[in-house]
$ cat protein.pdb   # PDB, N, CA and C atoms, pLDDT in the B column
ATOM      1  N   MET A 139     110.081 113.290 119.382  1.00 58.00           N
ATOM      2  CA  MET A 139     108.926 113.333 118.526  1.00 58.00           C
ATOM      3  C   MET A 139     109.036 112.193 117.516  1.00 58.00           C
ATOM      4  N   SER A 140     107.931 111.559 117.230  1.00 56.00           N
ATOM      5  CA  SER A 140     107.902 110.502 116.225  1.00 56.00           C
ATOM      6  C   SER A 140     106.740 110.756 115.273  1.00 56.00           C
ATOM      7  N   LYS A 141     106.962 110.451 114.009  1.00 57.00           N
ATOM      8  CA  LYS A 141     105.921 110.571 112.996  1.00 57.00           C
ATOM      9  C   LYS A 141     105.926 109.295 112.170  1.00 57.00           C
ATOM     10  N   LYS A 142     104.771 108.962 111.606  1.00 52.00           N
ATOM     11  CA  LYS A 142     104.698 107.809 110.716  1.00 52.00           C
ATOM     12  C   LYS A 142     104.623 108.324 109.292  1.00 52.00           C
ATOM     13  N   ASN A 143     105.581 107.932 108.456  1.00 50.00           N
ATOM     14  CA  ASN A 143     105.632 108.391 107.068  1.00 50.00           C
ATOM     15  C   ASN A 143     105.569 107.169 106.169  1.00 50.00           C
ATOM     16  N   GLN A 144     104.457 107.002 105.492  1.00 59.00           N
ATOM     17  CA  GLN A 144     104.216 105.859 104.620  1.00 59.00           C
ATOM     18  C   GLN A 144     104.478 104.570 105.380  1.00 59.00           C
ATOM     19  N   SER A 145     105.489 103.811 105.040  1.00 73.00           N
ATOM     20  CA  SER A 145     105.681 102.504 105.664  1.00 73.00           C
ATOM     21  C   SER A 145     106.889 102.453 106.592  1.00 73.00           C
ATOM     22  N   PHE A 146     107.369 103.593 107.047  1.00 79.00           N
ATOM     23  CA  PHE A 146     108.484 103.565 107.982  1.00 79.00           C
ATOM     24  C   PHE A 146     108.277 104.593 109.084  1.00 79.00           C
ATOM     25  N   GLY A 147     108.880 104.323 110.238  1.00 87.00           N
ATOM     26  CA  GLY A 147     108.769 105.223 111.377  1.00 87.00           C
ATOM     27  C   GLY A 147     109.909 106.222 111.383  1.00 87.00           C
ATOM     28  N   VAL A 148     109.585 107.480 111.654  1.00 90.00           N
ATOM     29  CA  VAL A 148     110.574 108.548 111.683  1.00 90.00           C
ATOM     30  C   VAL A 148     110.680 109.082 113.104  1.00 90.00           C
ATOM     31  N   SER A 149     111.905 109.196 113.604  1.00 94.00           N
ATOM     32  CA  SER A 149     112.145 109.767 114.924  1.00 94.00           C
ATOM     33  C   SER A 149     113.143 110.897 114.805  1.00 94.00           C
ATOM     34  N   LEU A 150     112.955 111.916 115.637  1.00 95.00           N
ATOM     35  CA  LEU A 150     113.879 113.044 115.684  1.00 95.00           C
ATOM     36  C   LEU A 150     114.514 113.078 117.066  1.00 95.00           C
ATOM     37  N   VAL A 151     115.842 113.146 117.103  1.00 96.00           N
ATOM     38  CA  VAL A 151     116.582 113.168 118.358  1.00 96.00           C
ATOM     39  C   VAL A 151     117.476 114.403 118.366  1.00 96.00           C
ATOM     40  N   THR A 152     117.294 115.252 119.369  1.00 95.00           N
ATOM     41  CA  THR A 152     118.143 116.438 119.490  1.00 95.00           C
ATOM     42  C   THR A 152     119.413 116.054 120.227  1.00 95.00           C
ATOM     43  N   LYS A 153     120.552 116.311 119.577  1.00 90.00           N
ATOM     44  CA  LYS A 153     121.848 115.972 120.160  1.00 90.00           C
ATOM     45  C   LYS A 153     122.810 117.103 119.848  1.00 90.00           C
ATOM     46  N   ASP A 154     123.409 117.669 120.870  1.00 87.00           N
ATOM     47  CA  ASP A 154     124.280 118.834 120.734  1.00 87.00           C
ATOM     48  C   ASP A 154     123.495 119.946 120.032  1.00 87.00           C
ATOM     49  N   ASP A 155     123.993 120.471 118.943  1.00 85.00           N
ATOM     50  CA  ASP A 155     123.315 121.563 118.244  1.00 85.00           C
ATOM     51  C   ASP A 155     122.655 121.106 116.954  1.00 85.00           C
ATOM     52  N   GLU A 156     122.325 119.823 116.866  1.00 93.00           N
ATOM     53  CA  GLU A 156     121.696 119.321 115.651  1.00 93.00           C
ATOM     54  C   GLU A 156     120.548 118.396 116.007  1.00 93.00           C
ATOM     55  N   ILE A 157     119.692 118.172 115.037  1.00 96.00           N
ATOM     56  CA  ILE A 157     118.585 117.224 115.185  1.00 96.00           C
ATOM     57  C   ILE A 157     118.896 116.035 114.292  1.00 96.00           C
ATOM     58  N   GLN A 158     119.003 114.865 114.895  1.00 97.00           N
ATOM     59  CA  GLN A 158     119.268 113.653 114.114  1.00 97.00           C
ATOM     60  C   GLN A 158     117.945 113.085 113.619  1.00 97.00           C
ATOM     61  N   VAL A 159     117.926 112.651 112.363  1.00 96.00           N
ATOM     62  CA  VAL A 159     116.737 112.067 111.750  1.00 96.00           C
ATOM     63  C   VAL A 159     116.963 110.567 111.630  1.00 96.00           C
ATOM     64  N   LEU A 160     116.110 109.793 112.297  1.00 95.00           N
ATOM     65  CA  LEU A 160     116.213 108.342 112.269  1.00 95.00           C
ATOM     66  C   LEU A 160     114.985 107.752 111.587  1.00 95.00           C
ATOM     67  N   VAL A 161     115.214 106.775 110.724  1.00 92.00           N
ATOM     68  CA  VAL A 161     114.128 106.026 110.087  1.00 92.00           C
ATOM     69  C   VAL A 161     114.270 104.594 110.549  1.00 92.00           C
ATOM     70  N   ASP A 162     113.210 104.088 111.179  1.00 90.00           N
ATOM     71  CA  ASP A 162     113.233 102.740 111.763  1.00 90.00           C
ATOM     72  C   ASP A 162     114.488 102.544 112.613  1.00 90.00           C
ATOM     73  N   ASP A 163     114.783 103.546 113.439  1.00 92.00           N
ATOM     74  CA  ASP A 163     115.903 103.541 114.387  1.00 92.00           C
ATOM     75  C   ASP A 163     117.283 103.530 113.735  1.00 92.00           C
ATOM     76  N   GLN A 164     117.371 103.827 112.447  1.00 94.00           N
ATOM     77  CA  GLN A 164     118.656 103.957 111.752  1.00 94.00           C
ATOM     78  C   GLN A 164     118.871 105.428 111.404  1.00 94.00           C
ATOM     79  N   LEU A 165     120.046 105.950 111.754  1.00 95.00           N
ATOM     80  CA  LEU A 165     120.358 107.342 111.454  1.00 95.00           C
ATOM     81  C   LEU A 165     120.503 107.528 109.943  1.00 95.00           C
ATOM     82  N   ILE A 166     119.697 108.438 109.361  1.00 95.00           N
ATOM     83  CA  ILE A 166     119.783 108.687 107.916  1.00 95.00           C
ATOM     84  C   ILE A 166     120.254 110.095 107.600  1.00 95.00           C
ATOM     85  N   GLY A 167     120.097 111.011 108.549  1.00 96.00           N
ATOM     86  CA  GLY A 167     120.463 112.387 108.264  1.00 96.00           C
ATOM     87  C   GLY A 167     120.395 113.257 109.494  1.00 96.00           C
ATOM     88  N   LYS A 168     120.557 114.561 109.255  1.00 97.00           N
ATOM     89  CA  LYS A 168     120.516 115.498 110.370  1.00 97.00           C
ATOM     90  C   LYS A 168     120.073 116.869 109.871  1.00 97.00           C
ATOM     91  N   ILE A 169     119.580 117.655 110.818  1.00 97.00           N
ATOM     92  CA  ILE A 169     119.187 119.027 110.556  1.00 97.00           C
ATOM     93  C   ILE A 169     120.067 119.908 111.423  1.00 97.00           C
ATOM     94  N   GLU A 170     120.773 120.830 110.777  1.00 96.00           N
ATOM     95  CA  GLU A 170     121.673 121.724 111.493  1.00 96.00           C
ATOM     96  C   GLU A 170     121.174 123.152 111.358  1.00 96.00           C
ATOM     97  N   GLN A 171     121.301 123.928 112.438  1.00 93.00           N
ATOM     98  CA  GLN A 171     120.939 125.341 112.346  1.00 93.00           C
ATOM     99  C   GLN A 171     122.138 126.103 111.814  1.00 93.00           C
ATOM    100  N   ASN A 172     121.881 126.978 110.850  1.00 90.00           N
ATOM    101  CA  ASN A 172     122.945 127.815 110.311  1.00 90.00           C
ATOM    102  C   ASN A 172     122.497 129.266 110.364  1.00 90.00           C
ATOM    103  N   GLN A 173     123.218 130.143 109.763  1.00 89.00           N
ATOM    104  CA  GLN A 173     122.889 131.568 109.809  1.00 89.00           C
ATOM    105  C   GLN A 173     121.551 131.836 109.138  1.00 89.00           C
ATOM    106  N   GLY A 174     120.542 132.107 109.945  1.00 86.00           N
ATOM    107  CA  GLY A 174     119.237 132.477 109.405  1.00 86.00           C
ATOM    108  C   GLY A 174     118.385 131.347 108.875  1.00 86.00           C
ATOM    109  N   GLY A 175     118.727 130.107 109.117  1.00 94.00           N
ATOM    110  CA  GLY A 175     117.909 129.005 108.622  1.00 94.00           C
ATOM    111  C   GLY A 175     118.424 127.660 109.079  1.00 94.00           C
ATOM    112  N   TYR A 176     118.054 126.642 108.339  1.00 96.00           N
ATOM    113  CA  TYR A 176     118.411 125.265 108.672  1.00 96.00           C
ATOM    114  C   TYR A 176     118.942 124.553 107.436  1.00 96.00           C
ATOM    115  N   THR A 177     119.841 123.613 107.658  1.00 97.00           N
ATOM    116  CA  THR A 177     120.397 122.791 106.593  1.00 97.00           C
ATOM    117  C   THR A 177     119.972 121.351 106.827  1.00 97.00           C
ATOM    118  N   GLY A 178     119.434 120.711 105.795  1.00 97.00           N
ATOM    119  CA  GLY A 178     119.046 119.304 105.882  1.00 97.00           C
ATOM    120  C   GLY A 178     120.056 118.448 105.149  1.00 97.00           C
ATOM    121  N   VAL A 179     120.562 117.425 105.842  1.00 97.00           N
ATOM    122  CA  VAL A 179     121.596 116.555 105.285  1.00 97.00           C
ATOM    123  C   VAL A 179     121.084 115.117 105.296  1.00 97.00           C
ATOM    124  N   LEU A 180     121.161 114.449 104.144  1.00 95.00           N
ATOM    125  CA  LEU A 180     120.817 113.032 104.023  1.00 95.00           C
ATOM    126  C   LEU A 180     122.111 112.294 103.768  1.00 95.00           C
ATOM    127  N   GLY A 181     122.535 111.469 104.715  1.00 93.00           N
ATOM    128  CA  GLY A 181     123.847 110.835 104.618  1.00 93.00           C
ATOM    129  C   GLY A 181     124.905 111.915 104.713  1.00 93.00           C
ATOM    130  N   LYS A 182     125.676 112.107 103.651  1.00 94.00           N
ATOM    131  CA  LYS A 182     126.682 113.167 103.616  1.00 94.00           C
ATOM    132  C   LYS A 182     126.325 114.260 102.619  1.00 94.00           C
ATOM    133  N   GLN A 183     125.139 114.152 102.000  1.00 95.00           N
ATOM    134  CA  GLN A 183     124.734 115.101 100.966  1.00 95.00           C
ATOM    135  C   GLN A 183     123.732 116.109 101.515  1.00 95.00           C
ATOM    136  N   VAL A 184     124.008 117.382 101.284  1.00 95.00           N
ATOM    137  CA  VAL A 184     123.066 118.441 101.660  1.00 95.00           C
ATOM    138  C   VAL A 184     121.899 118.405 100.677  1.00 95.00           C
ATOM    139  N   VAL A 185     120.675 118.248 101.200  1.00 96.00           N
ATOM    140  CA  VAL A 185     119.499 118.198 100.331  1.00 96.00           C
ATOM    141  C   VAL A 185     118.738 119.516 100.340  1.00 96.00           C
ATOM    142  N   ILE A 186     118.930 120.321 101.371  1.00 95.00           N
ATOM    143  CA  ILE A 186     118.375 121.683 101.397  1.00 95.00           C
ATOM    144  C   ILE A 186     119.315 122.532 102.251  1.00 95.00           C
ATOM    145  N   ALA A 187     119.758 123.640 101.683  1.00 95.00           N
ATOM    146  CA  ALA A 187     120.774 124.454 102.355  1.00 95.00           C
ATOM    147  C   ALA A 187     120.186 125.601 103.161  1.00 95.00           C
ATOM    148  N   SER A 188     118.992 126.042 102.825  1.00 94.00           N
ATOM    149  CA  SER A 188     118.453 127.222 103.507  1.00 94.00           C
ATOM    150  C   SER A 188     116.965 127.074 103.802  1.00 94.00           C
ATOM    151  N   ALA A 189     116.622 126.052 104.548  1.00 96.00           N
ATOM    152  CA  ALA A 189     115.231 125.853 104.953  1.00 96.00           C
ATOM    153  C   ALA A 189     114.844 126.920 105.969  1.00 96.00           C
ATOM    154  N   GLN A 190     113.589 127.335 105.932  1.00 96.00           N
ATOM    155  CA  GLN A 190     113.104 128.348 106.870  1.00 96.00           C
ATOM    156  C   GLN A 190     112.751 127.753 108.232  1.00 96.00           C
ATOM    157  N   SER A 191     112.533 126.432 108.290  1.00 96.00           N
ATOM    158  CA  SER A 191     112.145 125.781 109.547  1.00 96.00           C
ATOM    159  C   SER A 191     112.691 124.352 109.570  1.00 96.00           C
ATOM    160  N   THR A 192     112.644 123.755 110.743  1.00 95.00           N
ATOM    161  CA  THR A 192     113.066 122.354 110.854  1.00 95.00           C
ATOM    162  C   THR A 192     112.102 121.455 110.091  1.00 95.00           C
ATOM    163  N   ASP A 193     110.814 121.814 110.058  1.00 95.00           N
ATOM    164  CA  ASP A 193     109.837 121.016 109.305  1.00 95.00           C
ATOM    165  C   ASP A 193     110.153 121.001 107.810  1.00 95.00           C
ATOM    166  N   GLU A 194     110.541 122.145 107.262  1.00 96.00           N
ATOM    167  CA  GLU A 194     110.897 122.214 105.843  1.00 96.00           C
ATOM    168  C   GLU A 194     112.133 121.370 105.555  1.00 96.00           C
ATOM    169  N   ALA A 195     113.118 121.435 106.446  1.00 96.00           N
ATOM    170  CA  ALA A 195     114.333 120.622 106.282  1.00 96.00           C
ATOM    171  C   ALA A 195     114.001 119.134 106.391  1.00 96.00           C
ATOM    172  N   LEU A 196     113.139 118.778 107.344  1.00 95.00           N
ATOM    173  CA  LEU A 196     112.741 117.377 107.505  1.00 95.00           C
ATOM    174  C   LEU A 196     112.012 116.868 106.266  1.00 95.00           C
ATOM    175  N   GLN A 197     111.116 117.674 105.713  1.00 95.00           N
ATOM    176  CA  GLN A 197     110.385 117.256 104.512  1.00 95.00           C
ATOM    177  C   GLN A 197     111.337 117.017 103.337  1.00 95.00           C
ATOM    178  N   ALA A 198     112.358 117.859 103.199  1.00 96.00           N
ATOM    179  CA  ALA A 198     113.338 117.676 102.115  1.00 96.00           C
ATOM    180  C   ALA A 198     114.140 116.397 102.318  1.00 96.00           C
ATOM    181  N   ILE A 199     114.518 116.120 103.557  1.00 95.00           N
ATOM    182  CA  ILE A 199     115.272 114.884 103.852  1.00 95.00           C
ATOM    183  C   ILE A 199     114.415 113.666 103.537  1.00 95.00           C
ATOM    184  N   LEU A 200     113.158 113.676 104.004  1.00 93.00           N
ATOM    185  CA  LEU A 200     112.288 112.519 103.775  1.00 93.00           C
ATOM    186  C   LEU A 200     111.930 112.346 102.307  1.00 93.00           C
ATOM    187  N   ALA A 201     111.765 113.443 101.590  1.00 91.00           N
ATOM    188  CA  ALA A 201     111.490 113.345 100.147  1.00 91.00           C
ATOM    189  C   ALA A 201     112.663 112.691  99.430  1.00 91.00           C
ATOM    190  N   SER A 202     113.869 113.086  99.765  1.00 92.00           N
ATOM    191  CA  SER A 202     115.057 112.477  99.149  1.00 92.00           C
ATOM    192  C   SER A 202     115.189 111.024  99.567  1.00 92.00           C
ATOM    193  N   PHE A 203     114.920 110.735 100.821  1.00 90.00           N
ATOM    194  CA  PHE A 203     114.979 109.351 101.304  1.00 90.00           C
ATOM    195  C   PHE A 203     113.988 108.477 100.545  1.00 90.00           C
ATOM    196  N   ASN A 204     112.768 108.993 100.337  1.00 82.00           N
ATOM    197  CA  ASN A 204     111.740 108.228  99.609  1.00 82.00           C
ATOM    198  C   ASN A 204     112.162 107.922  98.184  1.00 82.00           C
ATOM    199  N   LEU A 205     112.929 108.806  97.550  1.00 72.00           N
ATOM    200  CA  LEU A 205     113.389 108.578  96.174  1.00 72.00           C
ATOM    201  C   LEU A 205     114.351 107.421  96.075  1.00 72.00           C
ATOM    202  N   TYR A 206     115.156 107.230  97.093  1.00 70.00           N
ATOM    203  CA  TYR A 206     116.248 106.250  97.019  1.00 70.00           C
ATOM    204  C   TYR A 206     115.982 104.964  97.783  1.00 70.00           C
ATOM    205  N   HIS A 207     114.868 104.898  98.528  1.00 64.00           N
ATOM    206  CA  HIS A 207     114.611 103.687  99.320  1.00 64.00           C
ATOM    207  C   HIS A 207     113.221 103.167  99.073  1.00 64.00           C
TER     208      HIS A 207
END

$ encode --input "protein.pdb" --output "C-alpha cells"
Amino acid sequence: MSKKNQSFGVSLVTKDDEIQVLVDDQLIGKIEQNQGGYTGVLGKQVVIASAQSTDEALQAILASFNLYH
C-alpha cells in the first residue's frame, strides 16, 4: 500500500510480524502488534504504545516524522 502525505511518499511493507514504514523508500519506523493493540516506532523511539489500529499507529509515526523533518 502506498499513500501520499504532503510532499513525501509513504509505503508500508509487511515483513515477518511487523509493518515497516518507508518514506521515499527510506525505512523510518515500524508498526508491531502487541497484546491487544499496536505499537508505533519512529527510529528507535516508541511514539504510540497502545494504538487501536495500524492506521492510528501510522498516523502517530507520520505526525512525529513531520515534526522533525

$ resolve_selection --input "protein.pdb" --expression "the PyMOL selection byres (((chain A and resi 165 and name CA) around 12) and name CA)" --output "JSON, numbers by chain"
{"A": [147, 148, 149, 150, 151, 157, 158, 159, 160, 161, 162, 163, 164, 166, 167, 168, 169, 179, 180, 181, 182, 199, 203]}

$ write_last_selection --input "protein.pdb" --atoms "N, CA and C atoms" --output "CSV table (one decimal), in the coordinates of the input"
chain,number,residue,atom,x,y,z
A,147,GLY,N,108.9,104.3,110.2
A,147,GLY,CA,108.8,105.2,111.4
A,147,GLY,C,109.9,106.2,111.4
A,148,VAL,N,109.6,107.5,111.7
A,148,VAL,CA,110.6,108.5,111.7
A,148,VAL,C,110.7,109.1,113.1
A,149,SER,N,111.9,109.2,113.6
A,149,SER,CA,112.1,109.8,114.9
A,149,SER,C,113.1,110.9,114.8
A,150,LEU,N,113.0,111.9,115.6
A,150,LEU,CA,113.9,113.0,115.7
A,150,LEU,C,114.5,113.1,117.1
A,151,VAL,N,115.8,113.1,117.1
A,151,VAL,CA,116.6,113.2,118.4
A,151,VAL,C,117.5,114.4,118.4
A,157,ILE,N,119.7,118.2,115.0
A,157,ILE,CA,118.6,117.2,115.2
A,157,ILE,C,118.9,116.0,114.3
A,158,GLN,N,119.0,114.9,114.9
A,158,GLN,CA,119.3,113.7,114.1
A,158,GLN,C,117.9,113.1,113.6
A,159,VAL,N,117.9,112.7,112.4
A,159,VAL,CA,116.7,112.1,111.8
A,159,VAL,C,117.0,110.6,111.6
A,160,LEU,N,116.1,109.8,112.3
A,160,LEU,CA,116.2,108.3,112.3
A,160,LEU,C,115.0,107.8,111.6
A,161,VAL,N,115.2,106.8,110.7
A,161,VAL,CA,114.1,106.0,110.1
A,161,VAL,C,114.3,104.6,110.5
A,162,ASP,N,113.2,104.1,111.2
A,162,ASP,CA,113.2,102.7,111.8
A,162,ASP,C,114.5,102.5,112.6
A,163,ASP,N,114.8,103.5,113.4
A,163,ASP,CA,115.9,103.5,114.4
A,163,ASP,C,117.3,103.5,113.7
A,164,GLN,N,117.4,103.8,112.4
A,164,GLN,CA,118.7,104.0,111.8
A,164,GLN,C,118.9,105.4,111.4
A,166,ILE,N,119.7,108.4,109.4
A,166,ILE,CA,119.8,108.7,107.9
A,166,ILE,C,120.3,110.1,107.6
A,167,GLY,N,120.1,111.0,108.5
A,167,GLY,CA,120.5,112.4,108.3
A,167,GLY,C,120.4,113.3,109.5
A,168,LYS,N,120.6,114.6,109.3
A,168,LYS,CA,120.5,115.5,110.4
A,168,LYS,C,120.1,116.9,109.9
A,169,ILE,N,119.6,117.7,110.8
A,169,ILE,CA,119.2,119.0,110.6
A,169,ILE,C,120.1,119.9,111.4
A,179,VAL,N,120.6,117.4,105.8
A,179,VAL,CA,121.6,116.6,105.3
A,179,VAL,C,121.1,115.1,105.3
A,180,LEU,N,121.2,114.4,104.1
A,180,LEU,CA,120.8,113.0,104.0
A,180,LEU,C,122.1,112.3,103.8
A,181,GLY,N,122.5,111.5,104.7
A,181,GLY,CA,123.8,110.8,104.6
A,181,GLY,C,124.9,111.9,104.7
A,182,LYS,N,125.7,112.1,103.7
A,182,LYS,CA,126.7,113.2,103.6
A,182,LYS,C,126.3,114.3,102.6
A,199,ILE,N,114.5,116.1,103.6
A,199,ILE,CA,115.3,114.9,103.9
A,199,ILE,C,114.4,113.7,103.5
A,203,PHE,N,114.9,110.7,100.8
A,203,PHE,CA,115.0,109.4,101.3
A,203,PHE,C,114.0,108.5,100.5

$ atom_distance --input "protein.pdb" --atom1 "atom N of Gln197 in chain A" --atom2 "atom N of Val185 in chain A"
10.6 Å

$ select_by_dssp --input "protein.pdb" --residues "chain A" --states "helix (DSSP H, G or I)" --output "count of residues only"
15

$ atom_distance --input "protein.pdb" --atom1 "CA of Ala189 in chain A" --atom2 "CA of Phe146 in chain A"
23.5 Å

$ atom_distance --input "protein.pdb" --atom1 "CA of Leu200 in chain A" --atom2 "CA of Asp154 in chain A"
21.7 Å

$ resolve_selection --input "protein.pdb" --expression "the PyMOL selection byres (((chain A and resi 174 and name CA) around 12) and name CA)" --output "list in words"
Glu170, Gln171, Asn172, Gln173, Gly175, Tyr176, Thr177, Ala187, Ser188, Ala189, Gln190, Ser191 and Thr192 of chain A

$ select_by_dssp --input "protein.pdb" --residues "chain A" --states "strand (DSSP E or B)" --output "number ranges by chain"
A: 140-143, 146-153, 156-161, 164-172, 175-180, 183-189

$ decode --input "protein.pdb" --residues "range 182-194 of chain A" --atoms "N, CA and C atoms" --output "mmCIF file, in the first residue's frame"
data_model
loop_
_atom_site.group_PDB
_atom_site.id
_atom_site.type_symbol
_atom_site.label_atom_id
_atom_site.label_comp_id
_atom_site.auth_asym_id
_atom_site.auth_seq_id
_atom_site.Cartn_x
_atom_site.Cartn_y
_atom_site.Cartn_z
ATOM 1 N N LYS A 182 14.168 4.523 16.798
ATOM 2 C CA LYS A 182 14.219 3.627 17.953
ATOM 3 C C LYS A 182 13.285 4.078 19.066
ATOM 4 N N GLN A 183 12.505 5.141 18.811
ATOM 5 C CA GLN A 183 11.634 5.705 19.837
ATOM 6 C C GLN A 183 10.186 5.286 19.612
ATOM 7 N N VAL A 184 9.562 4.778 20.662
ATOM 8 C CA VAL A 184 8.135 4.443 20.606
ATOM 9 C C VAL A 184 7.343 5.747 20.632
ATOM 10 N N VAL A 185 6.503 5.963 19.610
ATOM 11 C CA VAL A 185 5.707 7.190 19.552
ATOM 12 C C VAL A 185 4.265 6.943 19.972
ATOM 13 N N ILE A 186 3.817 5.701 19.904
ATOM 14 C CA ILE A 186 2.498 5.329 20.440
ATOM 15 C C ILE A 186 2.590 3.868 20.875
ATOM 16 N N ALA A 187 2.219 3.619 22.119
ATOM 17 C CA ALA A 187 2.400 2.279 22.685
ATOM 18 C C ALA A 187 1.156 1.412 22.584
ATOM 19 N N SER A 188 -0.009 2.016 22.479
ATOM 20 C CA SER A 188 -1.233 1.209 22.500
ATOM 21 C C SER A 188 -2.262 1.716 21.498
ATOM 22 N N ALA A 189 -1.884 1.745 20.244
ATOM 23 C CA ALA A 189 -2.814 2.146 19.189
ATOM 24 C C ALA A 189 -3.868 1.061 19.006
ATOM 25 N N GLN A 190 -5.078 1.472 18.667
ATOM 26 C CA GLN A 190 -6.165 0.516 18.453
ATOM 27 C C GLN A 190 -6.112 -0.118 17.064
ATOM 28 N N SER A 191 -5.402 0.520 16.122
ATOM 29 C CA SER A 191 -5.332 0.008 14.748
ATOM 30 C C SER A 191 -3.979 0.375 14.136
ATOM 31 N N THR A 192 -3.685 -0.249 13.014
ATOM 32 C CA THR A 192 -2.448 0.094 12.304
ATOM 33 C C THR A 192 -2.530 1.517 11.769
ATOM 34 N N ASP A 193 -3.727 1.966 11.377
ATOM 35 C CA ASP A 193 -3.885 3.342 10.891
ATOM 36 C C ASP A 193 -3.555 4.365 11.976
ATOM 37 N N GLU A 194 -3.992 4.109 13.203
ATOM 38 C CA GLU A 194 -3.691 5.019 14.311
ATOM 39 C C GLU A 194 -2.193 5.058 14.586
#
